[in-house]
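Worksheet: one structure, shown below.
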Amino acid sequence: METIDPSILPPQQETEEDRVLNLSLRPGSLSDFVGQPDTLENLRVAIQAAQARAEPLEHLLFSGPPGLGKTTLAHIIAHETGAKVTATSGPAIERAGDLIGILTNLDAGDILFIDEIHRLSKVVEEFLYPAMENFQIDFVIDKGPYAKTIKFSLKRFTLIGATTRSGLLSAPLRGRFGMLFHLDFYAPEELVQIMTRSAKILSAALEPDAALEIARRARGTPRIANRLLRRVRDYAQVKSDGRMTKKTAIQALEAQRIDPLGLDEIDRKVLRTILEIYRGGPVGIDALAATVNEEVDTITDVIEPYLLKAGLLKRTSRGREVTRAVYDHLKWAGEKKPGQLFPELT
Ligand code: ADP
């Protein structure tokens, strides 16, 4: 992997600082969780019904862009049901043997959380089917003519899967989940509530109009809102009296090169590349990724969802295209040589 200057990382990619702080800012119960009202209501009903029957919850899947609360909800469900969580991720389970170890260690009612579940290998995924369906796994021991299949019974656990790409989940895997929830981007008012709670935990003074200014630029994502909040807090501490006002918020966000739509350098680079190099598109995702020097997955999972939601990008059968709004946002300057269109943004 190529090393890149961390200062140009898009704010939605998690750093070590994020990881530690996110843990402390993570809501611990359903009542602390802001937004996603339909999902919360359905979860409350499912939890209550399962508890009344003294049964474990059915397997459930959360999908949606990174930073919207999938992992948080998995931990909240564990907390609300008094269950123990074992957390892992699709790429971490390399062989079926890794999964056997995890599954056989689960107790009745435990939660197995698999993040990025769409990245499980085919072999591991197929191994998971009987475990999810009948709480049973089949081991094959010995080889050749002596090979024997042994069935092993598991305790009744609940699998919670999280994915940024539900479209990549195979139909058999998707079909084995009893509940599917799609998390959507948050409204600025919801992000304000989330940041107000975070500011309290961090003992930071956040004025309401500063919170709204940050929320508008947080790409509808709680993780980004909390990260920008910390950047504004640093800025306010160093450059003024520590109070986060609207003025310090705007200055801090501008210093981070976060524009009024919440786009950062990499978002603008993607849009500008489509405009300048591909004349507005359509351009295939592989060509685009190669030109901006990013992984295809980073573009599709992390960068693109908000650009689509904000109406700046369109996905057509022929590839990605920018919309009219981009021309205005990037101050489209007519026909100029590639690379000279937006000198003020480079
Ligand atoms: P995902 O698993 O979807 O990538 P996380 O659950 O890790 O996202 O959420 C990232 C951070 O955002 C959490 O640590 C938490 O601080 C915050 N967060 C996410 N959703 C909410 C919410 N609805 N209310 C409050 N904080 C939230």
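Residues are named by chain letter and number: chains run A, B, ... in the order of the structure tokens, numbers start at 1 in each chain, and ligands are numbered from 1 in the order shown.
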Using only C-alpha atoms and all ligand atoms, which residues of the polymer chains come no farther than 7 Å from ligand 1? I'd like the answer as number ranges by chain. A: 22-23, 25-27, 32-36, 64-73, 194, 222-223, 226
DSSP on the backbone: which residues in segment 158-321 of chain A end up as strand (DSSP E or B)? Give the answer as a ChimeraX atom specification. /A:158-163,179-182,206,244,283,313-316,319-321
Selection export as a short mmCIF file (atom, residue, chain, number, x, y, z; two decimals), in the first residue's frame, atoms kept: N, CA, C and O atoms:
data_model
loop_
_atom_site.label_atom_id
_atom_site.label_comp_id
_atom_site.auth_asym_id
_atom_site.auth_seq_id
_atom_site.Cartn_x
_atom_site.Cartn_y
_atom_site.Cartn_z
N THR A 158 -27.17 -14.81 18.52
CA THR A 158 -27.72 -13.86 17.56
C THR A 158 -26.58 -13.29 16.74
O THR A 158 -25.61 -12.79 17.31
N LEU A 159 -26.68 -13.40 15.43
CA LEU A 159 -25.67 -12.79 14.57
C LEU A 159 -26.14 -11.39 14.18
O LEU A 159 -27.27 -11.22 13.70
N ILE A 160 -25.29 -10.40 14.41
CA ILE A 160 -25.59 -9.06 13.91
C ILE A 160 -24.53 -8.75 12.86
O ILE A 160 -23.34 -8.73 13.15
N GLY A 161 -24.98 -8.55 11.64
CA GLY A 161 -24.05 -8.22 10.56
C GLY A 161 -24.14 -6.74 10.26
O GLY A 161 -25.19 -6.13 10.41
N ALA A 162 -23.01 -6.15 9.83
CA ALA A 162 -23.04 -4.76 9.39
C ALA A 162 -22.36 -4.70 8.04
O ALA A 162 -21.36 -5.40 7.81
N THR A 163 -22.92 -3.92 7.14
CA THR A 163 -22.31 -3.80 5.82
C THR A 163 -22.52 -2.41 5.25
O THR A 163 -23.56 -1.80 5.46
N MET A 179 -34.14 -9.78 10.33
CA MET A 179 -34.46 -8.35 10.26
C MET A 179 -33.35 -7.63 9.50
O MET A 179 -32.17 -7.89 9.73
N LEU A 180 -33.77 -6.75 8.61
CA LEU A 180 -32.80 -5.97 7.83
C LEU A 180 -33.10 -4.50 8.05
O LEU A 180 -34.25 -4.08 7.87
N PHE A 181 -32.09 -3.75 8.45
CA PHE A 181 -32.31 -2.32 8.69
C PHE A 181 -31.31 -1.52 7.87
O PHE A 181 -30.11 -1.80 7.90
N HIS A 182 -31.83 -0.52 7.16
CA HIS A 182 -30.93 0.35 6.41
C HIS A 182 -30.82 1.69 7.15
O HIS A 182 -31.84 2.34 7.38
N LEU A 206 -20.27 24.57 23.63
CA LEU A 206 -20.66 24.60 22.22
C LEU A 206 -21.93 25.44 22.08
O LEU A 206 -22.98 25.10 22.63
N MET A 244 -16.91 27.51 21.65
CA MET A 244 -17.15 27.24 20.24
C MET A 244 -18.32 28.09 19.77
O MET A 244 -19.47 27.81 20.08
N VAL A 283 -17.91 8.25 -16.42
CA VAL A 283 -16.63 7.56 -16.34
C VAL A 283 -16.81 6.31 -15.47
O VAL A 283 -17.54 6.34 -14.47
N LEU A 313 -23.47 13.94 -7.71
CA LEU A 313 -23.01 12.86 -8.57
C LEU A 313 -24.20 12.01 -8.97
O LEU A 313 -25.15 11.88 -8.19
N LYS A 314 -24.12 11.44 -10.17
CA LYS A 314 -25.17 10.52 -10.62
C LYS A 314 -24.50 9.22 -11.02
O LYS A 314 -23.39 9.24 -11.56
N ARG A 315 -25.19 8.11 -10.76
CA ARG A 315 -24.65 6.83 -11.21
C ARG A 315 -25.53 6.37 -12.33
O ARG A 315 -26.72 6.18 -12.15
N THR A 316 -24.95 6.20 -13.51
CA THR A 316 -25.75 5.72 -14.64
C THR A 316 -25.17 4.38 -15.09
O THR A 316 -24.12 3.96 -14.59
N GLY A 319 -21.61 4.77 -16.10
CA GLY A 319 -20.59 5.21 -15.15
C GLY A 319 -21.06 6.41 -14.33
O GLY A 319 -22.24 6.71 -14.28
N ARG A 320 -20.07 7.09 -13.70
CA ARG A 320 -20.40 8.22 -12.84
C ARG A 320 -20.40 9.52 -13.63
O ARG A 320 -19.50 9.75 -14.45
N GLU A 321 -21.37 10.37 -13.34
CA GLU A 321 -21.45 11.68 -13.98
C GLU A 321 -21.65 12.74 -12.91
O GLU A 321 -22.36 12.49 -11.94
#
Any chance you could list, as a VMD selection string, the residues in segment 79-305 of chain A that come up helix (DSSP H, G or I) when DSSP is run on the backbone? chain A and resid 79 to 81 90 to 92 96 to 104 117 to 119 122 to 134 144 to 146 166 to 168 171 to 175 188 to 201 208 to 216 222 to 239 246 to 255 265 to 276 285 to 292 296 to 305
Using 10 Å as the limit and counting only C-alpha atoms, can you tabulate each residue of segment 211-301 of chain A that touches segment 323-326 of chain A, with its shortest atom-to-atom distance in Å and the two atoms involved, as JSON lines?
{"residue": "A:Arg268", "atom": "CA", "partner": "A:Val326", "partner_atom": "CA", "distance": 9.4}
{"residue": "A:Leu271", "atom": "CA", "partner": "A:Val326", "partner_atom": "CA", "distance": 7.3}
{"residue": "A:Arg272", "atom": "CA", "partner": "A:Val326", "partner_atom": "CA", "distance": 8.6}
{"residue": "A:Leu275", "atom": "CA", "partner": "A:Val326", "partner_atom": "CA", "distance": 8.6}
{"residue": "A:Gly280", "atom": "CA", "partner": "A:Thr323", "partner_atom": "CA", "distance": 7.9}
{"residue": "A:Gly281", "atom": "CA", "partner": "A:Thr323", "partner_atom": "CA", "distance": 9.4}
Would you save the residues from that selection as a PDB file, in the first residue's frame, using C-alpha atoms?
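Final output, part-v8.pdb:
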ATOM      1  CA  ARG A 268     -13.499  17.824  -4.526  1.00  0.00           C
ATOM      2  CA  LEU A 271     -15.622  15.762  -8.660  1.00  0.00           C
ATOM      3  CA  ARG A 272     -12.947  17.887 -10.290  1.00  0.00           C
ATOM      4  CA  LEU A 275     -15.235  17.424 -14.676  1.00  0.00           C
ATOM      5  CA  GLY A 280     -18.301  15.697 -16.672  1.00  0.00           C
ATOM      6  CA  GLY A 281     -18.565  11.924 -17.237  1.00  0.00           C
TER       7      GLY A 281
END
Within 9 Å of Leu43 of chain A, counting only C-alpha atoms, which residues show up once you throw out same-chain ones fewer than 5 positions away? Write them as a list in words, please. Asp38, Gln48 and Ile77 of chain A
Residues from last step as file, N, CA, C and O atoms, as a PDB file, in the first residue's frame:
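File written: out-v4.pdb
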ATOM      1  N   ASP A  38     -37.438   4.861  12.736  1.00  0.00           N
ATOM      2  CA  ASP A  38     -38.113   3.615  12.339  1.00  0.00           C
ATOM      3  C   ASP A  38     -37.315   2.400  12.800  1.00  0.00           C
ATOM      4  O   ASP A  38     -37.867   1.436  13.337  1.00  0.00           O
ATOM      5  N   GLN A  48     -38.310  -6.447  22.930  1.00  0.00           N
ATOM      6  CA  GLN A  48     -39.342  -6.744  23.947  1.00  0.00           C
ATOM      7  C   GLN A  48     -39.987  -8.096  23.700  1.00  0.00           C
ATOM      8  O   GLN A  48     -40.194  -8.879  24.622  1.00  0.00           O
ATOM      9  N   ILE A  77     -27.806  -3.072  21.495  1.00  0.00           N
ATOM     10  CA  ILE A  77     -28.688  -4.244  21.586  1.00  0.00           C
ATOM     11  C   ILE A  77     -28.154  -5.211  22.634  1.00  0.00           C
ATOM     12  O   ILE A  77     -28.895  -5.744  23.456  1.00  0.00           O
TER      13      ILE A  77
END
Show me, as a list in words, the residues that have an atom within 10 Å of Pro172 of chain A when counting only C-alpha atoms, minus same-chain residues fewer than 6 positions from it. Glu125, Glu126 and Tyr129 of chain A
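Rounded to one decimal, atom CA of Gly97 of chain A and atom CA of Lys84 of chain A lie 21.8 Å from each other.
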